[in-house]
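coords_5.txt, holding compact mmCIF, N, CA and C atoms:
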```txt
# COMPACT_ATOMS: atom_id res chain seq x y z
N MET A 235 -5.07 23.29 -4.87
CA MET A 235 -5.37 21.88 -5.06
C MET A 235 -5.09 21.12 -3.77
N GLU A 236 -5.91 20.12 -3.57
CA GLU A 236 -5.76 19.30 -2.38
C GLU A 236 -5.70 17.84 -2.78
N ILE A 237 -4.97 17.05 -2.01
CA ILE A 237 -4.86 15.62 -2.26
C ILE A 237 -6.09 14.94 -1.67
N THR A 238 -6.71 14.07 -2.45
CA THR A 238 -7.86 13.30 -1.99
C THR A 238 -7.53 11.82 -2.05
N VAL A 239 -8.22 11.05 -1.22
CA VAL A 239 -8.05 9.60 -1.19
C VAL A 239 -9.39 8.97 -1.52
N ARG A 240 -9.35 7.99 -2.40
CA ARG A 240 -10.56 7.29 -2.81
C ARG A 240 -10.22 5.84 -3.10
N GLU A 241 -11.27 5.02 -3.26
CA GLU A 241 -11.05 3.63 -3.63
C GLU A 241 -10.49 3.54 -5.04
N ILE A 242 -9.62 2.59 -5.25
CA ILE A 242 -9.05 2.35 -6.57
C ILE A 242 -10.13 1.78 -7.48
N GLN A 243 -10.12 2.25 -8.72
CA GLN A 243 -11.04 1.77 -9.76
C GLN A 243 -10.22 1.13 -10.89
N GLU A 244 -10.90 0.36 -11.72
CA GLU A 244 -10.22 -0.28 -12.84
C GLU A 244 -9.53 0.75 -13.75
N ALA A 245 -10.11 1.91 -13.90
CA ALA A 245 -9.53 2.96 -14.75
C ALA A 245 -8.18 3.45 -14.23
N ASP A 246 -7.83 3.10 -13.00
CA ASP A 246 -6.56 3.51 -12.40
C ASP A 246 -5.42 2.54 -12.70
N SER A 247 -5.70 1.49 -13.44
CA SER A 247 -4.73 0.41 -13.65
C SER A 247 -3.38 0.90 -14.19
N ALA A 248 -3.40 1.74 -15.21
CA ALA A 248 -2.15 2.20 -15.81
C ALA A 248 -1.33 3.01 -14.81
N ALA A 249 -1.97 3.88 -14.07
CA ALA A 249 -1.25 4.70 -13.09
C ALA A 249 -0.69 3.85 -11.96
N ILE A 250 -1.46 2.87 -11.50
CA ILE A 250 -0.99 1.99 -10.42
C ILE A 250 0.19 1.16 -10.91
N ALA A 251 0.10 0.62 -12.13
CA ALA A 251 1.20 -0.17 -12.68
C ALA A 251 2.47 0.68 -12.78
N GLU A 252 2.33 1.92 -13.22
CA GLU A 252 3.48 2.81 -13.33
C GLU A 252 4.10 3.09 -11.96
N LEU A 253 3.28 3.32 -10.97
CA LEU A 253 3.78 3.55 -9.60
C LEU A 253 4.47 2.30 -9.06
N ALA A 254 3.90 1.13 -9.32
CA ALA A 254 4.51 -0.12 -8.84
C ALA A 254 5.88 -0.32 -9.49
N ARG A 255 6.00 0.04 -10.75
CA ARG A 255 7.29 -0.09 -11.45
C ARG A 255 8.31 0.93 -10.96
N THR A 256 7.92 2.20 -10.94
CA THR A 256 8.89 3.27 -10.66
C THR A 256 9.18 3.47 -9.18
N SER A 257 8.18 3.26 -8.33
CA SER A 257 8.38 3.52 -6.89
C SER A 257 8.71 2.27 -6.09
N LEU A 258 8.21 1.12 -6.56
CA LEU A 258 8.42 -0.12 -5.79
C LEU A 258 9.35 -1.11 -6.50
N GLY A 259 9.59 -0.91 -7.78
CA GLY A 259 10.49 -1.79 -8.50
C GLY A 259 9.90 -3.10 -8.97
N TYR A 260 8.57 -3.17 -9.06
CA TYR A 260 7.91 -4.40 -9.53
C TYR A 260 7.62 -4.28 -11.02
N ASP A 261 8.06 -5.27 -11.77
CA ASP A 261 7.85 -5.28 -13.21
C ASP A 261 6.45 -5.82 -13.51
N CYS A 262 5.49 -4.93 -13.59
CA CYS A 262 4.11 -5.34 -13.85
C CYS A 262 3.53 -4.46 -14.94
N ASP A 263 2.44 -4.91 -15.51
CA ASP A 263 1.82 -4.12 -16.56
C ASP A 263 0.37 -3.80 -16.20
N GLU A 264 -0.22 -2.94 -17.00
CA GLU A 264 -1.57 -2.47 -16.75
C GLU A 264 -2.58 -3.61 -16.73
N GLU A 265 -2.42 -4.58 -17.61
CA GLU A 265 -3.35 -5.70 -17.69
C GLU A 265 -3.37 -6.51 -16.39
N LEU A 266 -2.20 -6.81 -15.85
CA LEU A 266 -2.12 -7.54 -14.59
C LEU A 266 -2.78 -6.75 -13.47
N VAL A 267 -2.44 -5.47 -13.38
CA VAL A 267 -3.00 -4.63 -12.32
C VAL A 267 -4.52 -4.56 -12.44
N ASN A 268 -5.02 -4.41 -13.65
CA ASN A 268 -6.46 -4.36 -13.87
C ASN A 268 -7.12 -5.66 -13.40
N HIS A 269 -6.52 -6.78 -13.74
CA HIS A 269 -7.05 -8.08 -13.31
C HIS A 269 -7.07 -8.17 -11.78
N ARG A 270 -6.01 -7.71 -11.14
CA ARG A 270 -5.93 -7.77 -9.67
C ARG A 270 -6.94 -6.84 -9.01
N ILE A 271 -7.14 -5.67 -9.57
CA ILE A 271 -8.14 -4.76 -8.99
C ILE A 271 -9.50 -5.44 -8.97
N ILE A 272 -9.83 -6.11 -10.06
CA ILE A 272 -11.12 -6.81 -10.15
C ILE A 272 -11.17 -7.99 -9.18
N SER A 273 -10.12 -8.82 -9.19
CA SER A 273 -10.16 -10.06 -8.41
C SER A 273 -10.00 -9.84 -6.90
N LEU A 274 -9.40 -8.72 -6.51
CA LEU A 274 -9.16 -8.48 -5.08
C LEU A 274 -10.24 -7.62 -4.42
N LYS A 275 -11.26 -7.25 -5.16
CA LYS A 275 -12.36 -6.49 -4.55
C LYS A 275 -13.19 -7.42 -3.69
N ASN A 276 -12.90 -7.41 -2.40
CA ASN A 276 -13.66 -8.20 -1.43
C ASN A 276 -13.47 -7.60 -0.05
N ASP A 277 -14.14 -8.16 0.94
CA ASP A 277 -14.10 -7.59 2.28
C ASP A 277 -12.75 -7.72 2.98
N ASN A 278 -11.87 -8.57 2.47
CA ASN A 278 -10.57 -8.76 3.11
C ASN A 278 -9.47 -7.88 2.54
N ASN A 279 -9.74 -7.15 1.48
CA ASN A 279 -8.75 -6.29 0.84
C ASN A 279 -9.24 -4.86 0.82
N ALA A 280 -8.28 -3.94 0.92
CA ALA A 280 -8.57 -2.51 0.78
C ALA A 280 -7.56 -1.96 -0.21
N MET A 281 -8.06 -1.19 -1.18
CA MET A 281 -7.20 -0.59 -2.20
C MET A 281 -7.64 0.86 -2.38
N PHE A 282 -6.76 1.78 -2.02
CA PHE A 282 -7.06 3.21 -2.13
C PHE A 282 -5.96 3.89 -2.93
N CYS A 283 -6.33 5.00 -3.56
CA CYS A 283 -5.33 5.80 -4.26
C CYS A 283 -5.43 7.25 -3.79
N ALA A 284 -4.31 7.94 -3.93
CA ALA A 284 -4.26 9.38 -3.66
C ALA A 284 -4.28 10.06 -5.01
N GLU A 285 -5.06 11.13 -5.08
CA GLU A 285 -5.23 11.85 -6.34
C GLU A 285 -4.93 13.32 -6.12
N TYR A 286 -4.24 13.92 -7.07
CA TYR A 286 -3.94 15.35 -7.02
C TYR A 286 -4.18 15.93 -8.41
N ASP A 287 -5.05 16.89 -8.48
CA ASP A 287 -5.38 17.55 -9.74
C ASP A 287 -5.77 16.53 -10.82
N GLY A 288 -6.56 15.53 -10.41
CA GLY A 288 -7.05 14.52 -11.34
C GLY A 288 -6.08 13.42 -11.69
N GLU A 289 -4.89 13.45 -11.10
CA GLU A 289 -3.85 12.45 -11.39
C GLU A 289 -3.66 11.54 -10.18
N VAL A 290 -3.58 10.23 -10.43
CA VAL A 290 -3.27 9.28 -9.36
C VAL A 290 -1.79 9.40 -9.06
N ILE A 291 -1.48 9.78 -7.81
CA ILE A 291 -0.08 10.02 -7.44
C ILE A 291 0.43 9.02 -6.41
N GLY A 292 -0.46 8.16 -5.92
CA GLY A 292 -0.05 7.16 -4.94
C GLY A 292 -1.15 6.14 -4.73
N PHE A 293 -0.76 5.03 -4.12
CA PHE A 293 -1.75 4.00 -3.80
C PHE A 293 -1.31 3.21 -2.58
N ILE A 294 -2.28 2.53 -1.98
CA ILE A 294 -2.03 1.61 -0.89
C ILE A 294 -2.94 0.41 -1.06
N HIS A 295 -2.39 -0.76 -0.78
CA HIS A 295 -3.16 -2.00 -0.81
C HIS A 295 -2.86 -2.75 0.48
N ALA A 296 -3.91 -3.19 1.14
CA ALA A 296 -3.75 -3.94 2.39
C ALA A 296 -4.81 -5.02 2.46
N HIS A 297 -4.57 -6.00 3.30
CA HIS A 297 -5.57 -7.04 3.51
C HIS A 297 -5.58 -7.46 4.98
N ILE A 298 -6.64 -8.15 5.34
CA ILE A 298 -6.75 -8.68 6.70
C ILE A 298 -5.74 -9.81 6.85
N TYR A 299 -4.95 -9.77 7.90
CA TYR A 299 -3.86 -10.71 8.15
C TYR A 299 -4.23 -11.56 9.35
N GLU A 300 -4.51 -12.81 9.10
CA GLU A 300 -4.88 -13.73 10.18
C GLU A 300 -3.94 -14.93 10.18
N VAL A 301 -3.39 -15.19 11.35
CA VAL A 301 -2.51 -16.35 11.53
C VAL A 301 -2.93 -17.08 12.80
N LEU A 302 -2.45 -18.27 12.96
CA LEU A 302 -2.80 -19.09 14.13
C LEU A 302 -2.27 -18.53 15.44
N TYR A 303 -1.21 -17.77 15.39
CA TYR A 303 -0.45 -17.42 16.59
C TYR A 303 -0.49 -15.95 16.98
N PHE A 304 -1.36 -15.14 16.37
CA PHE A 304 -1.38 -13.72 16.69
C PHE A 304 -2.76 -13.15 16.41
N ASP A 305 -3.09 -12.04 17.07
CA ASP A 305 -4.36 -11.37 16.83
C ASP A 305 -4.45 -10.87 15.38
N THR A 306 -5.67 -10.70 14.91
CA THR A 306 -5.91 -10.23 13.55
C THR A 306 -5.37 -8.81 13.38
N MET A 307 -4.67 -8.62 12.28
CA MET A 307 -4.09 -7.32 11.94
C MET A 307 -4.37 -7.02 10.48
N ILE A 308 -3.96 -5.85 10.06
CA ILE A 308 -3.95 -5.49 8.65
C ILE A 308 -2.50 -5.61 8.19
N ASN A 309 -2.32 -6.16 7.00
CA ASN A 309 -1.00 -6.26 6.41
C ASN A 309 -0.98 -5.34 5.18
N ILE A 310 -0.13 -4.33 5.21
CA ILE A 310 0.02 -3.47 4.05
C ILE A 310 0.89 -4.19 3.04
N LEU A 311 0.34 -4.42 1.87
CA LEU A 311 1.04 -5.15 0.83
C LEU A 311 1.75 -4.24 -0.15
N GLY A 312 1.34 -3.02 -0.21
CA GLY A 312 1.98 -2.06 -1.10
C GLY A 312 1.57 -0.65 -0.77
N LEU A 313 2.54 0.24 -0.74
CA LEU A 313 2.29 1.67 -0.55
C LEU A 313 3.33 2.40 -1.40
N ALA A 314 2.85 3.21 -2.32
CA ALA A 314 3.76 3.95 -3.19
C ALA A 314 3.21 5.34 -3.45
N VAL A 315 4.11 6.30 -3.50
CA VAL A 315 3.77 7.67 -3.89
C VAL A 315 4.81 8.09 -4.93
N SER A 316 4.34 8.70 -5.98
CA SER A 316 5.24 9.19 -7.02
C SER A 316 6.30 10.10 -6.40
N GLU A 317 7.53 9.89 -6.83
CA GLU A 317 8.63 10.69 -6.28
C GLU A 317 8.37 12.19 -6.43
N LYS A 318 7.74 12.56 -7.52
CA LYS A 318 7.43 13.97 -7.80
C LYS A 318 6.51 14.58 -6.73
N TYR A 319 5.69 13.75 -6.08
CA TYR A 319 4.70 14.26 -5.13
C TYR A 319 4.98 13.87 -3.68
N ARG A 320 6.14 13.33 -3.41
CA ARG A 320 6.46 12.96 -2.02
C ARG A 320 6.62 14.21 -1.17
N ARG A 321 6.37 14.04 0.11
CA ARG A 321 6.46 15.11 1.11
C ARG A 321 5.34 16.15 0.97
N MET A 322 4.24 15.72 0.34
CA MET A 322 3.06 16.59 0.23
C MET A 322 1.91 16.05 1.08
N GLY A 323 2.11 14.91 1.75
CA GLY A 323 1.09 14.36 2.62
C GLY A 323 0.30 13.20 2.07
N ALA A 324 0.55 12.81 0.82
CA ALA A 324 -0.23 11.71 0.22
C ALA A 324 -0.02 10.40 0.96
N GLY A 325 1.21 10.07 1.27
CA GLY A 325 1.50 8.82 1.98
C GLY A 325 0.83 8.78 3.34
N SER A 326 0.88 9.89 4.05
CA SER A 326 0.22 9.96 5.37
C SER A 326 -1.28 9.79 5.25
N LEU A 327 -1.87 10.41 4.24
CA LEU A 327 -3.32 10.26 4.03
C LEU A 327 -3.69 8.82 3.71
N LEU A 328 -2.87 8.16 2.89
CA LEU A 328 -3.13 6.76 2.55
C LEU A 328 -3.01 5.86 3.79
N LEU A 329 -1.97 6.08 4.59
CA LEU A 329 -1.83 5.30 5.83
C LEU A 329 -3.01 5.52 6.76
N LYS A 330 -3.41 6.76 6.93
CA LYS A 330 -4.54 7.06 7.81
C LYS A 330 -5.81 6.39 7.32
N ARG A 331 -6.01 6.35 6.02
CA ARG A 331 -7.21 5.72 5.48
C ARG A 331 -7.20 4.21 5.73
N ILE A 332 -6.04 3.58 5.60
CA ILE A 332 -5.94 2.14 5.88
C ILE A 332 -6.13 1.89 7.36
N GLU A 333 -5.57 2.73 8.21
CA GLU A 333 -5.76 2.56 9.66
C GLU A 333 -7.23 2.69 10.02
N GLU A 334 -7.91 3.63 9.40
CA GLU A 334 -9.35 3.80 9.61
C GLU A 334 -10.10 2.55 9.17
N TRP A 335 -9.74 2.01 8.02
CA TRP A 335 -10.34 0.78 7.50
C TRP A 335 -10.16 -0.36 8.51
N GLY A 336 -8.99 -0.43 9.11
CA GLY A 336 -8.71 -1.46 10.10
C GLY A 336 -9.53 -1.28 11.37
N ARG A 337 -9.63 -0.05 11.83
CA ARG A 337 -10.43 0.21 13.04
C ARG A 337 -11.89 -0.16 12.82
N GLU A 338 -12.38 0.08 11.60
CA GLU A 338 -13.76 -0.30 11.27
C GLU A 338 -13.96 -1.81 11.36
N ARG A 339 -12.88 -2.57 11.25
CA ARG A 339 -12.94 -4.03 11.30
C ARG A 339 -12.43 -4.59 12.62
N ASN A 340 -12.18 -3.71 13.58
CA ASN A 340 -11.77 -4.10 14.94
C ASN A 340 -10.51 -4.97 14.96
N VAL A 341 -9.54 -4.65 14.11
CA VAL A 341 -8.29 -5.40 14.15
C VAL A 341 -7.36 -4.79 15.18
N LYS A 342 -6.32 -5.54 15.54
CA LYS A 342 -5.41 -5.10 16.59
C LYS A 342 -4.46 -3.99 16.12
N GLY A 343 -4.05 -4.01 14.87
CA GLY A 343 -3.09 -3.03 14.38
C GLY A 343 -2.75 -3.26 12.93
N VAL A 344 -1.65 -2.63 12.52
CA VAL A 344 -1.20 -2.70 11.13
C VAL A 344 0.25 -3.17 11.12
N ARG A 345 0.56 -4.01 10.15
CA ARG A 345 1.95 -4.45 9.95
C ARG A 345 2.31 -4.23 8.49
N LEU A 346 3.61 -4.13 8.23
CA LEU A 346 4.09 -3.99 6.85
C LEU A 346 5.55 -4.39 6.80
N ASN A 347 6.00 -4.70 5.61
CA ASN A 347 7.41 -4.96 5.35
C ASN A 347 7.90 -3.88 4.39
N SER A 348 9.16 -3.51 4.54
CA SER A 348 9.75 -2.51 3.66
C SER A 348 11.17 -2.93 3.34
N GLY A 349 11.52 -2.90 2.06
CA GLY A 349 12.85 -3.32 1.63
C GLY A 349 13.96 -2.58 2.35
N GLY A 350 15.03 -3.29 2.64
CA GLY A 350 16.16 -2.74 3.39
C GLY A 350 16.77 -1.49 2.78
N GLN A 351 16.74 -1.37 1.46
CA GLN A 351 17.35 -0.23 0.79
C GLN A 351 16.47 1.01 0.81
N ARG A 352 15.23 0.86 1.20
CA ARG A 352 14.28 1.99 1.15
C ARG A 352 14.32 2.81 2.44
N THR A 353 15.46 3.35 2.74
CA THR A 353 15.65 4.05 4.02
C THR A 353 14.74 5.26 4.18
N TRP A 354 14.43 5.97 3.08
CA TRP A 354 13.52 7.12 3.16
C TRP A 354 12.13 6.65 3.59
N ALA A 355 11.72 5.47 3.13
CA ALA A 355 10.42 4.93 3.52
C ALA A 355 10.43 4.55 4.99
N HIS A 356 11.53 3.99 5.47
CA HIS A 356 11.62 3.61 6.88
C HIS A 356 11.44 4.82 7.79
N GLU A 357 12.06 5.92 7.40
CA GLU A 357 11.93 7.14 8.19
C GLU A 357 10.48 7.64 8.16
N PHE A 358 9.84 7.55 7.02
CA PHE A 358 8.43 7.93 6.89
C PHE A 358 7.57 7.09 7.83
N TYR A 359 7.77 5.78 7.85
CA TYR A 359 6.98 4.90 8.73
C TYR A 359 7.22 5.22 10.20
N ARG A 360 8.47 5.46 10.56
CA ARG A 360 8.77 5.81 11.96
C ARG A 360 8.04 7.09 12.37
N LYS A 361 8.07 8.09 11.50
CA LYS A 361 7.38 9.35 11.80
C LYS A 361 5.87 9.17 11.90
N ALA A 362 5.35 8.16 11.22
CA ALA A 362 3.91 7.86 11.27
C ALA A 362 3.54 7.00 12.48
N GLY A 363 4.53 6.69 13.32
CA GLY A 363 4.25 5.94 14.55
C GLY A 363 4.46 4.44 14.46
N TYR A 364 5.07 3.97 13.38
CA TYR A 364 5.34 2.54 13.22
C TYR A 364 6.71 2.22 13.80
N ASP A 365 6.79 1.09 14.52
CA ASP A 365 8.05 0.64 15.10
C ASP A 365 8.63 -0.48 14.25
N ASN A 366 9.96 -0.48 14.14
CA ASN A 366 10.65 -1.57 13.45
C ASN A 366 10.76 -2.73 14.43
N GLU A 367 9.93 -3.73 14.22
CA GLU A 367 9.82 -4.86 15.15
C GLU A 367 10.97 -5.84 15.03
N LYS A 368 11.40 -6.12 13.79
CA LYS A 368 12.47 -7.10 13.60
C LYS A 368 13.08 -6.94 12.22
N VAL A 369 14.23 -7.55 12.05
CA VAL A 369 14.88 -7.62 10.75
C VAL A 369 14.68 -9.03 10.24
N GLN A 370 14.30 -9.16 8.98
CA GLN A 370 14.07 -10.49 8.44
C GLN A 370 14.51 -10.56 6.99
N MET A 371 14.57 -11.75 6.48
CA MET A 371 14.88 -11.96 5.08
C MET A 371 13.65 -12.57 4.42
N ARG A 372 13.47 -12.28 3.14
CA ARG A 372 12.34 -12.84 2.41
C ARG A 372 12.88 -13.86 1.43
N PHE A 373 12.24 -15.03 1.41
CA PHE A 373 12.62 -16.10 0.50
C PHE A 373 11.48 -16.35 -0.46
N ILE A 374 11.81 -16.53 -1.74
CA ILE A 374 10.80 -16.78 -2.76
C ILE A 374 11.24 -17.96 -3.61
N LYS A 375 10.29 -18.81 -3.96
CA LYS A 375 10.53 -19.87 -4.93
C LYS A 375 9.51 -19.69 -6.04
N ASN A 376 9.98 -19.37 -7.23
CA ASN A 376 9.10 -19.18 -8.37
C ASN A 376 8.79 -20.51 -9.04
N PHE A 377 7.57 -20.63 -9.55
CA PHE A 377 7.15 -21.84 -10.24
C PHE A 377 7.21 -21.70 -11.75
N ARG A 378 7.60 -20.58 -12.25
CA ARG A 378 7.70 -20.38 -13.71
C ARG A 378 9.12 -20.20 -14.11
```

Could you take the file, read its structure, and then write that structure out as structure tokens?
Amino acid sequence: MEITVREIQEADSAAIAELARTSLGYDCDEELVNHRIISLKNDNNAMFCAEYDGEVIGFIHAHIYEVLYFDTMINILGLAVSEKYRRMGAGSLLLKRIEEWGRERNVKGVRLNSGGQRTWAHEFYRKAGYDNEKVQMRFIKNFR
């Protein structure tokens, strides 16, 4: 069996929601993920999944990142691989596919944020050629 990468489809909603909960710690459900897959299908977003033996084992979501003060880049908004399938190359394949997507759009590079506690992910990104540019804090204000 080989890992393949393809575009995310609505039928992948349950698997993506499970990965977001178990690998990223986001409390989301299949309905929300399904709605987002539909609403985010546009030229500024890329959503791919890794599949092994017919099972979705990972996903990546990125979008075009444009600000007033820097060249256009891709911002990875989420990358997760099931713990059961880590170290099999799925994460690397997903990163490569997003990088390819970015090159097709002539962007300068890729950026991402990773939680401070996710040290295994940091090592993965370093091995993939990503540099830790800075340490920052994230602030959120909820309206609900």

Any idea what's packed within 8 Å of Ala251 of chain A, counting only N, CA and C atoms, ignoring anything in its chain fewer than 5 positions away? Could you give it as a PyMOL selection string?
chain A and resi 246+256-257+260-268

Residue with smallest distance to Tyr286 of chain A - pool A:Gly343, A:Thr238, A:Glu300, A:His356, counting all atoms listed in the file
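Closest candidate: A:Thr238.
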
From the set A:Ala362, A:Val341, A:Val315, A:Ala248, which residue has the shortest atom-to-atom contact distance to Glu285 of chain A, counting only C-alpha atoms?
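Once distances to Glu285 of chain A are computed over only C-alpha atoms, the minimum belongs to A:Val315.
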
Could you check how far atom C of Gly312 of chain A sits from atom C of Lys342 of chain A, in Å to one decimal?
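Atom-to-atom, atom C of Gly312 of chain A to atom C of Lys342 of chain A, that is 18.2 Å.
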
Interatomic distance (Å, one decimal) between atom CA of Arg240 of chain A and atom CA of Lys318 of chain A
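Atom-to-atom, atom CA of Arg240 of chain A and atom CA of Lys318 of chain A are spaced 19.8 Å apart.
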
From the set A:Asn340, A:Ala324, A:Ala254, A:Tyr303, which residue has the shortest atom-to-atom contact distance to Ile237 of chain A, counting only N, CA and C atoms?
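So, comparing all the options, the nearest one is A:Ala324.
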
Which residues in segment 260-362 of chain A does DSSP call strand (DSSP E or B)? List them as a ChimeraX atom specification.
/A:279-286,289-301,304-315,344-346

Straight-line distance linking atom N of Leu329 of chain A with atom CA of His269 of chain A, stated in Å to one decimal
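Interatomic distance here is 23.4 Å.
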
For the alpha helix (DSSP H) assignment from backbone DSSP, which residues of segment 240-300 of chain A qualify? Please present them as a list of chain:residue names.
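Output for segment 240-300 of chain A, alpha helix (DSSP H) only: A:Ser247, A:Ala248, A:Ala249, A:Ile250, A:Ala251, A:Glu252, A:Leu253, A:Glu264, A:Glu265, A:Leu266, A:Val267, A:Asn268, A:His269, A:Arg270, A:Ile271, A:Ile272, A:Ser273.
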
Env of Ile310 of chain A: 5 Å cut, atoms = all atoms listed in the file, seq-sep filter 6 positions within chain, self excluded. Answer as a PyMOL selection string.
chain A and resi 295-296+345-346
